[in-house]
Amino acid sequence: MLKGGYAGKILRIDLSNEEIDVVETESYFDVNLLIGGKGLAAYALWKELRRDVDPFSEDNLLVFATGPLTGTLCPGTRICIAAKSPLTGLFCDSYVGGHLGAEIKMAGYDAVIISGKSERPVYIWIYDENVEICDAKHLWGLNTFKTEDVIREEKGDESVRVACIGPAGERLVRFAHVNVDRYRQAGRGGVGAVMGSKNLKALAVKGTGAIPIYNVEEFMEKAKEAHRTILKNETSKARKRWGTARTIIFTADQDLLPTRNFREATFENAENLSAEVLEKRFWIKHKACHSCPINCGKLGIVRSGKYAGTIVEGIEYETLALIGANCGIENYEAVAYANLLCDMIGLDTISTGNVVAFAMECYEKGIITEKETGGLKLNFGNEEAAIKLIEKIAKREGLGDLLAEGVKRASEKLNVRCKKFAMHVKGLELPGYDMRASPGMALAYITADRGGCHTRAWPISYEISGKAPDGTIIERYSTEKRAYIVKKQQDQNAACDTLVACWFLKAAVGNERYVSMLNAAAGTEFTVEEFLAVGERVWNLVRLFNVREGLKREHEILPDRAFKDPIPSGIAKGQKLKKSQVEYMLGEYYAIRGWDERGVPKKEKIRQLRLDSLVSKA
Amino acid sequence: MPRAVVVDYRLCTGCRICEIICSLANEGKISTMLSRIKVCSFPPGIDVPIVCAQCGRAPCIEVCPQNALERNEKIGAVTVNVDKCVGCGLCIEACPAKAISMHPEKNVVFKCELCGGNPQCVEICPANALSLVKVSFDTRIFAKEAKEIARELCEAFMLPKEERDHA
């Protein structure tokens, strides 16, 4: 019997038959083994998807999964949106803050699992136990901001929370996001495109109920302590003032900043995109997600010039890196405008920045010409052309139609020469860290469960400080200890993703506090070891899903640029990776994971993690 | 003399920690509907916490036919006597800030009573946007609806930085 933390019910909606059903959370999955969030989503996809379903077919599942601490006083909790990804064909879990997760919990649900496909555009309206599938003809084609506004106006309630897609999601752009609370996105892996394929424009939620807490006094004490600790933590303080934007000077200094489609690793004009500039000229207000003391979000306004009137939350580091430096754009006002455009039309800024940069390199190399670009002079740094191209992608117009498929598919169709600089792993475009000067990041990218991703492991800080978590001295460009670090971080992050706790707070909060908050809220008796074991279990469950989908060792590779083009300038000038190095790290990683040489979890490992019963039951 | 939770709107980040701790501390569970303070959000990203201004000349006290609302002189707050309240809701309508709510389970109204003198929201607010202030004039001038405040705030936020700081 669930004692607290959880809402206790899971909402199931089948859009094909317009069937709505409510099941007990406990009867759906084993909360003691998987907790929630990523664990719940991974189990749902493992259990309910056959091998090889088309991500855009009615057979795919779209899961909105909260965790037992979502919506509580635990600092910074979010929601997991998961599906089989149209970019990678693998499991994809994308996370978003804002207030959606809390609202779903207060409406009485731990998760919303959406299956099937509607014949007409619809949106789902959840008002506590009243759930309706509503006509969305009038919303189809609207941008995400307008969609939110119209739904709230119709409901006559500005506190309704909306998760929706823009025109890009409707047109199945493979890297379309799900937009939440205006400026927050579940950006990666194309979960918005899956939503579009189901003809589902939005999920609108109003919850008037309560989230029960098992031991209120104990929970409040632990949660308050966590909040106090965060506010004293130096890293948190920096993030509170500068958000993620501050990272750009660090990556530029360390030759980690993707510049001009990962050709270079430092941007000569990075300072124009820095947090200092944004604070001085752009930001007007701090913004936070539910229960977060850090408020890494910054609302900004462009006051003059061509982009005057642009109001957007950001600009996040990843957007500055990928749409800024990686496209050679130094004007933060143009990046802010592109950011706003992506939010509104429904595109992930990381993938979008990659796709535009890829097209720019193709253009500069003569692989595409003005004939293909529709007259756009796609040189690096041409901000106006970049913005026009982004619009074309969302409309799937001309070259935009090809690019809407993502760099992997676009490069395969375009020309054999461009495969080398199609910067993705397993189909997911790379985020804002060059891996040539970071062997650890190289391993993190190739082993991340959803493809080229920085949020599963980020070993960079250990490489720069020169010390592994166990105290071993490591050299920055070496391969030692990387497998150990990456596994440790992946398990840790997977554990936090079951709660669902924000990555930015986990170091300051620490596992002891997470576990004590979980136990006080849910009445469970987890130890830190058991909590981390949940992380490893979930990581392996996702691996089993991906292996079932055909994932093989040969897919765990980097784009050729990482091996062939040395970093041309900066602190890591001349640095590139050797294939043998990466193969060595991967072999070591499989061994540490208890996987065989093909990357498949061994029977003993599956048993040890108590996954055997879970997997066979499913 | 009235004491009230006063909001520095410019500092509010919209995290809603105040709502969470309020309902936890006062009701033992987490719910926006049970919170005495509510953060209302408006495009393009303006957050407006609404909480009782503990008005000097309080319309809720004046309108209550049961005399269920009264000023607690020690705390400085307007409090609800649940034994007298019949849940008629006249005070909810009379409140210029819409800071009084009907309890979803009990047939009585509820509002901010300053947690008996030590408001939990003020203690925890990570943005320092909330303070407990003793005021020598009628705090009723703080009691406004969220929409109205948002409109003015929005204009203030759009001003260039130098002007904004003094606005």
# chains A, B, ... in the order shown; residues from 1 in each chain; ligands from 1
>>> interface_residues(of="chain A", to="chain B", cutoff="8 Å", atoms="only C-alpha atoms", output="PyMOL selection string")
chain A and resi 71-73+106+158-159+208-213+216+220+224+227+231+284-295+299+301+303+311-312
>>> residues_around(residues="A:Lys506", least_positions_apart="4", cutoff="10 Å", atoms="only C-alpha atoms", output="PyMOL selection string")
chain A and resi 75-76+230+492-493+496+501-502+510-511+513-514
>>> write_last_selection(atoms="C-alpha atoms", output="PDB file, in the first residue's frame")
ATOM      1  CA  PRO A  75      14.001  21.020  -4.317  1.00  0.00           C
ATOM      2  CA  GLY A  76      13.511  21.137  -8.088  1.00  0.00           C
ATOM      3  CA  ILE A 230      21.535  24.523  -1.714  1.00  0.00           C
ATOM      4  CA  GLN A 492      23.443   8.245 -10.202  1.00  0.00           C
ATOM      5  CA  ASN A 493      21.515  10.269 -12.771  1.00  0.00           C
ATOM      6  CA  CYS A 496      17.613  10.854  -9.610  1.00  0.00           C
ATOM      7  CA  ALA A 501      14.863  15.318  -9.371  1.00  0.00           C
ATOM      8  CA  CYS A 502      16.608  18.007 -11.396  1.00  0.00           C
ATOM      9  CA  GLY A 510      23.225  14.554  -2.097  1.00  0.00           C
ATOM     10  CA  ASN A 511      21.908  11.010  -2.006  1.00  0.00           C
ATOM     11  CA  ARG A 513      18.944  13.745   1.643  1.00  0.00           C
ATOM     12  CA  TYR A 514      17.152  12.447  -1.444  1.00  0.00           C
TER      13      TYR A 514
END
>>> residues_around(residues="B:Pro65", least_positions_apart="4", cutoff="9 Å", atoms="only C-alpha atoms", output="JSON, numbers by chain")
{"B": [61, 88, 90]}
>>> write_last_selection(atoms="C-alpha atoms", output="mmCIF file, in the first residue's frame")
data_model
loop_
_atom_site.group_PDB
_atom_site.id
_atom_site.type_symbol
_atom_site.label_atom_id
_atom_site.label_comp_id
_atom_site.auth_asym_id
_atom_site.auth_seq_id
_atom_site.Cartn_x
_atom_site.Cartn_y
_atom_site.Cartn_z
ATOM 1 C CA ILE B 61 -14.350 41.537 8.985
ATOM 2 C CA CYS B 88 -21.405 31.712 3.393
ATOM 3 C CA LEU B 90 -19.382 36.778 1.641
#
>>> select_by_dssp(residues="stretch 30-102 of chain B", states="strand (DSSP E or B)", output="PyMOL selection string")
chain B and resi 30+38-42+46-50+69-72+77-80+101-102
>>> residues_around(residues="stretch 516-533 of chain A", least_positions_apart="4", cutoff="8 Å", atoms="only C-alpha atoms", output="mmCIF file with N, CA and C atoms, in the first residue's frame")
data_model
loop_
_atom_site.group_PDB
_atom_site.id
_atom_site.type_symbol
_atom_site.label_atom_id
_atom_site.label_comp_id
_atom_site.auth_asym_id
_atom_site.auth_seq_id
_atom_site.Cartn_x
_atom_site.Cartn_y
_atom_site.Cartn_z
ATOM 1 N N LEU A 2 0.624 2.144 -0.944
ATOM 2 C CA LEU A 2 1.405 3.378 -1.003
ATOM 3 C C LEU A 2 0.961 4.303 0.125
ATOM 4 N N LYS A 3 1.942 4.871 0.818
ATOM 5 C CA LYS A 3 1.601 5.660 2.007
ATOM 6 C C LYS A 3 1.650 7.170 1.775
ATOM 7 N N GLY A 4 2.351 7.581 0.755
ATOM 8 C CA GLY A 4 2.469 9.018 0.490
ATOM 9 C C GLY A 4 3.413 9.248 -0.674
ATOM 10 N N GLY A 5 3.586 10.513 -1.056
ATOM 11 C CA GLY A 5 4.474 10.825 -2.171
ATOM 12 C C GLY A 5 3.813 10.562 -3.506
ATOM 13 N N TYR A 6 3.355 9.346 -3.685
ATOM 14 C CA TYR A 6 2.661 8.971 -4.920
ATOM 15 C C TYR A 6 1.215 9.456 -4.895
ATOM 16 N N PRO A 68 7.834 10.032 -7.111
ATOM 17 C CA PRO A 68 7.197 10.235 -5.802
ATOM 18 C C PRO A 68 7.536 11.581 -5.161
ATOM 19 N N LEU A 69 8.585 12.247 -5.641
ATOM 20 C CA LEU A 69 8.901 13.564 -5.063
ATOM 21 C C LEU A 69 8.466 14.725 -5.963
ATOM 22 N N CYS A 74 10.576 18.757 -2.118
ATOM 23 C CA CYS A 74 11.925 18.368 -2.554
ATOM 24 C C CYS A 74 12.388 19.394 -3.579
ATOM 25 N N PRO A 212 -0.318 13.489 -0.876
ATOM 26 C CA PRO A 212 -0.159 13.090 0.527
ATOM 27 C C PRO A 212 1.312 12.914 0.890
ATOM 28 N N ILE A 213 1.635 13.221 2.126
ATOM 29 C CA ILE A 213 2.993 13.025 2.631
ATOM 30 C C ILE A 213 2.900 12.127 3.863
ATOM 31 N N TYR A 214 3.703 11.062 3.878
ATOM 32 C CA TYR A 214 3.595 10.056 4.940
ATOM 33 C C TYR A 214 3.947 10.634 6.306
ATOM 34 N N ASN A 215 5.164 11.191 6.422
ATOM 35 C CA ASN A 215 5.585 11.759 7.707
ATOM 36 C C ASN A 215 5.891 13.244 7.499
ATOM 37 N N VAL A 216 4.898 14.078 7.755
ATOM 38 C CA VAL A 216 4.977 15.496 7.399
ATOM 39 C C VAL A 216 6.138 16.197 8.115
ATOM 40 N N GLU A 218 8.891 15.039 9.581
ATOM 41 C CA GLU A 218 10.195 14.555 9.134
ATOM 42 C C GLU A 218 10.504 15.066 7.713
ATOM 43 N N PHE A 219 9.496 15.001 6.850
ATOM 44 C CA PHE A 219 9.696 15.421 5.466
ATOM 45 C C PHE A 219 10.021 16.910 5.380
ATOM 46 N N LYS A 222 13.624 17.562 6.562
ATOM 47 C CA LYS A 222 14.643 17.143 5.587
ATOM 48 C C LYS A 222 14.635 18.049 4.355
ATOM 49 N N ALA A 223 13.437 18.403 3.909
ATOM 50 C CA ALA A 223 13.340 19.233 2.708
ATOM 51 C C ALA A 223 13.861 20.646 2.973
ATOM 52 N N ASP A 491 24.450 5.802 -13.446
ATOM 53 C CA ASP A 491 23.608 5.167 -12.423
ATOM 54 C C ASP A 491 23.027 6.217 -11.476
ATOM 55 N N GLN A 492 23.878 7.162 -11.087
ATOM 56 C CA GLN A 492 23.443 8.245 -10.202
ATOM 57 C C GLN A 492 22.317 9.059 -10.844
ATOM 58 N N ALA A 495 19.097 7.180 -11.123
ATOM 59 C CA ALA A 495 18.415 7.114 -9.828
ATOM 60 C C ALA A 495 17.642 8.416 -9.589
ATOM 61 N N ASN A 511 22.767 12.201 -2.071
ATOM 62 C CA ASN A 511 21.908 11.010 -2.006
ATOM 63 C C ASN A 511 21.252 10.794 -0.649
ATOM 64 N N GLU A 512 21.980 11.091 0.429
ATOM 65 C CA GLU A 512 21.399 10.860 1.761
ATOM 66 C C GLU A 512 20.104 11.647 1.910
ATOM 67 N N ARG A 537 19.635 -0.500 -12.047
ATOM 68 C CA ARG A 537 18.587 -1.388 -12.566
ATOM 69 C C ARG A 537 17.871 -0.743 -13.750
ATOM 70 N N LEU A 609 20.505 -7.669 -10.433
ATOM 71 C CA LEU A 609 19.727 -6.420 -10.354
ATOM 72 C C LEU A 609 18.233 -6.686 -10.139
#
>>> residues_around(residues="stretch 256-267 of chain A", least_positions_apart="6", cutoff="8 Å", atoms="only C-alpha atoms", output="short mmCIF file (atom, residue, chain, number, x, y, z; two decimals) with N, CA and C atoms, in the first residue's frame")
data_model
loop_
_atom_site.label_atom_id
_atom_site.label_comp_id
_atom_site.auth_asym_id
_atom_site.auth_seq_id
_atom_site.Cartn_x
_atom_site.Cartn_y
_atom_site.Cartn_z
N ILE A 248 29.47 29.07 -21.03
CA ILE A 248 30.08 29.29 -22.34
C ILE A 248 31.53 29.80 -22.26
N ALA A 321 25.44 27.72 -27.25
CA ALA A 321 26.51 26.94 -27.87
C ALA A 321 26.11 26.47 -29.27
N LEU A 322 24.93 25.88 -29.39
CA LEU A 322 24.58 25.24 -30.66
C LEU A 322 24.04 26.21 -31.70
N ALA A 325 27.53 29.72 -31.11
CA ALA A 325 28.88 29.37 -31.58
C ALA A 325 28.88 28.35 -32.71
N ASN A 326 28.06 27.33 -32.60
CA ASN A 326 28.12 26.25 -33.59
C ASN A 326 27.65 26.70 -34.97
N CYS A 327 26.87 27.77 -35.03
CA CYS A 327 26.48 28.34 -36.32
C CYS A 327 27.31 29.58 -36.62
N GLY A 328 28.29 29.86 -35.77
CA GLY A 328 29.16 31.02 -35.97
C GLY A 328 28.46 32.34 -35.70
N ASN A 354 22.50 22.11 -34.48
CA ASN A 354 23.31 21.14 -35.21
C ASN A 354 22.91 21.06 -36.68
N ALA A 357 23.92 24.18 -38.55
CA ALA A 357 25.38 24.21 -38.72
C ALA A 357 25.82 23.19 -39.78
N PHE A 358 25.17 22.03 -39.76
CA PHE A 358 25.46 21.00 -40.75
C PHE A 358 25.17 21.53 -42.16
N GLU A 361 27.83 24.00 -43.22
CA GLU A 361 29.08 23.39 -43.68
C GLU A 361 28.90 22.79 -45.08
N PHE A 380 28.52 30.34 -42.39
CA PHE A 380 28.55 30.42 -40.94
C PHE A 380 28.48 31.88 -40.51
N PHE A 421 30.87 14.80 -41.09
CA PHE A 421 30.59 15.94 -40.19
C PHE A 421 29.10 16.04 -39.81
N MET A 423 27.06 15.54 -37.05
CA MET A 423 27.47 15.40 -35.65
C MET A 423 26.35 14.83 -34.78
N GLY A 432 26.35 20.62 -26.39
CA GLY A 432 27.39 21.64 -26.44
C GLY A 432 28.76 21.32 -25.86
N TYR A 433 29.27 20.12 -26.09
CA TYR A 433 30.60 19.79 -25.58
C TYR A 433 31.37 19.01 -26.63
N ASP A 434 32.46 19.58 -27.11
CA ASP A 434 33.30 18.87 -28.07
C ASP A 434 33.98 17.72 -27.35
N MET A 435 34.01 16.57 -27.98
CA MET A 435 34.55 15.39 -27.29
C MET A 435 36.02 15.14 -27.63
N ALA A 437 38.57 16.96 -26.98
CA ALA A 437 39.43 17.29 -25.84
C ALA A 437 38.85 16.73 -24.55
N SER A 438 38.01 15.71 -24.66
CA SER A 438 37.42 15.08 -23.48
C SER A 438 37.07 13.62 -23.77
N ARG A 561 34.56 13.07 -37.62
CA ARG A 561 35.28 14.30 -37.31
C ARG A 561 36.08 14.16 -36.01
N ASP A 565 39.69 15.16 -37.67
CA ASP A 565 40.03 16.60 -37.69
C ASP A 565 40.53 17.04 -36.33
N ILE A 567 41.61 19.46 -33.28
CA ILE A 567 41.16 20.79 -32.87
C ILE A 567 42.16 21.81 -33.39
N PRO A 568 41.70 22.81 -34.16
CA PRO A 568 42.65 23.70 -34.85
C PRO A 568 43.28 24.79 -33.98
N SER A 569 42.70 25.11 -32.84
CA SER A 569 43.25 26.23 -32.06
C SER A 569 42.88 26.10 -30.60
N GLY A 570 43.51 26.93 -29.78
CA GLY A 570 43.15 26.96 -28.36
C GLY A 570 44.00 26.02 -27.52
#
>>> residues_around(residues="A:Glu330", least_positions_apart="5", cutoff="7 Å", atoms="only C-alpha atoms", output="MDAnalysis selection string")
chainID A and resid 269 272:273 324:325
>>> write_last_selection(atoms="N, CA and C atoms", output="CSV table (one decimal), in the first residue's frame")
chain,number,residue,atom,x,y,z
A,269,ASN,N,34.3,34.8,-30.5
A,269,ASN,CA,33.4,35.8,-30.0
A,269,ASN,C,32.5,35.3,-28.8
A,272,ASN,N,30.7,37.7,-26.4
A,272,ASN,CA,29.5,38.4,-26.8
A,272,ASN,C,28.2,37.6,-26.4
A,273,LEU,N,28.4,36.3,-26.1
A,273,LEU,CA,27.3,35.4,-25.8
A,273,LEU,C,27.3,35.1,-24.3
A,324,GLY,N,24.3,29.6,-31.3
A,324,GLY,CA,25.3,30.6,-31.3
A,324,GLY,C,26.6,30.1,-32.0
A,325,ALA,N,27.5,29.7,-31.1
A,325,ALA,CA,28.9,29.4,-31.6
A,325,ALA,C,28.9,28.3,-32.7
>>> residues_around(residues="B:Val7", least_positions_apart="2", cutoff="10 Å", atoms="only C-alpha atoms", output="MDAnalysis selection string")
chainID B and resid 4:5 9:12 48:51 53 122 128:133 142
>>> select_by_dssp(residues="stretch 7-139 of chain B", states="alpha helix (DSSP H)", output="list in words")
Ile17, Cys18, Glu19, Ile20, Ile21, Cys22, Ser23, Leu24, Ala25, Asn26, Glu27, Pro59, Cys60, Ile61, Glu62, Val63, Leu90, Cys91, Ile92, Glu93, Ala94, Gln120, Cys121, Val122, Glu123 and Ile124 of chain B
>>> write_last_selection(atoms="C-alpha atoms", output="JSON list (two decimals), in the first residue's frame")
[["chain", "number", "residue", "atom", "x", "y", "z"],
["B", 17, "ILE", "CA", 7.78, 26.96, -2.63],
["B", 18, "CYS", "CA", 5.60, 29.31, -0.53],
["B", 19, "GLU", "CA", 2.46, 27.47, -1.67],
["B", 20, "ILE", "CA", 3.94, 24.07, -0.95],
["B", 21, "ILE", "CA", 5.21, 24.87, 2.53],
["B", 22, "CYS", "CA", 2.00, 26.72, 3.38],
["B", 23, "SER", "CA", -0.25, 23.78, 2.63],
["B", 24, "LEU", "CA", 2.17, 21.32, 4.24],
["B", 25, "ALA", "CA", 2.53, 23.34, 7.42],
["B", 26, "ASN", "CA", -1.15, 24.19, 7.74],
["B", 27, "GLU", "CA", -2.85, 21.13, 6.25],
["B", 59, "PRO", "CA", -13.68, 44.38, 4.33],
["B", 60, "CYS", "CA", -13.86, 40.69, 5.31],
["B", 61, "ILE", "CA", -14.35, 41.54, 8.98],
["B", 62, "GLU", "CA", -16.90, 44.18, 8.10],
["B", 63, "VAL", "CA", -18.97, 41.94, 5.82],
["B", 90, "LEU", "CA", -19.38, 36.78, 1.64],
["B", 91, "CYS", "CA", -15.82, 37.52, 2.77],
["B", 92, "ILE", "CA", -14.40, 35.79, -0.30],
["B", 93, "GLU", "CA", -16.36, 38.20, -2.49],
["B", 94, "ALA", "CA", -15.50, 41.20, -0.37],
["B", 120, "GLN", "CA", 6.72, 29.53, 6.97],
["B", 121, "CYS", "CA", 6.70, 31.07, 3.48],
["B", 122, "VAL", "CA", 8.76, 34.05, 4.61],
["B", 123, "GLU", "CA", 11.27, 31.78, 6.28],
["B", 124, "ILE", "CA", 11.84, 29.56, 3.25]]
>>> closest_atom_pairs(of="stretch 143-181 of chain A", to="stretch 403-416 of chain A", cutoff="9 Å", atoms="only C-alpha atoms", output="tab-separated table")
residue	atom	partner	partner_atom	distance
A:Ala168	CA	A:Ala404	CA	8.6
A:Leu172	CA	A:Ala404	CA	8.1
A:Val173	CA	A:Ala404	CA	4.8
A:Arg174	CA	A:Glu405	CA	5.5
A:Phe175	CA	A:Gly406	CA	6.9
A:Ala176	CA	A:Ala404	CA	8.9
>>> closest_residue(among="B:Ser35, B:Asn107, B:Thr139, B:Ser101", to="B:Cys55", atoms="only C-alpha atoms")
B:Thr139
>>> atom_distance(atom1="atom CA of A:Thr310", atom2="atom CA of A:Arg182")
13.9 Å
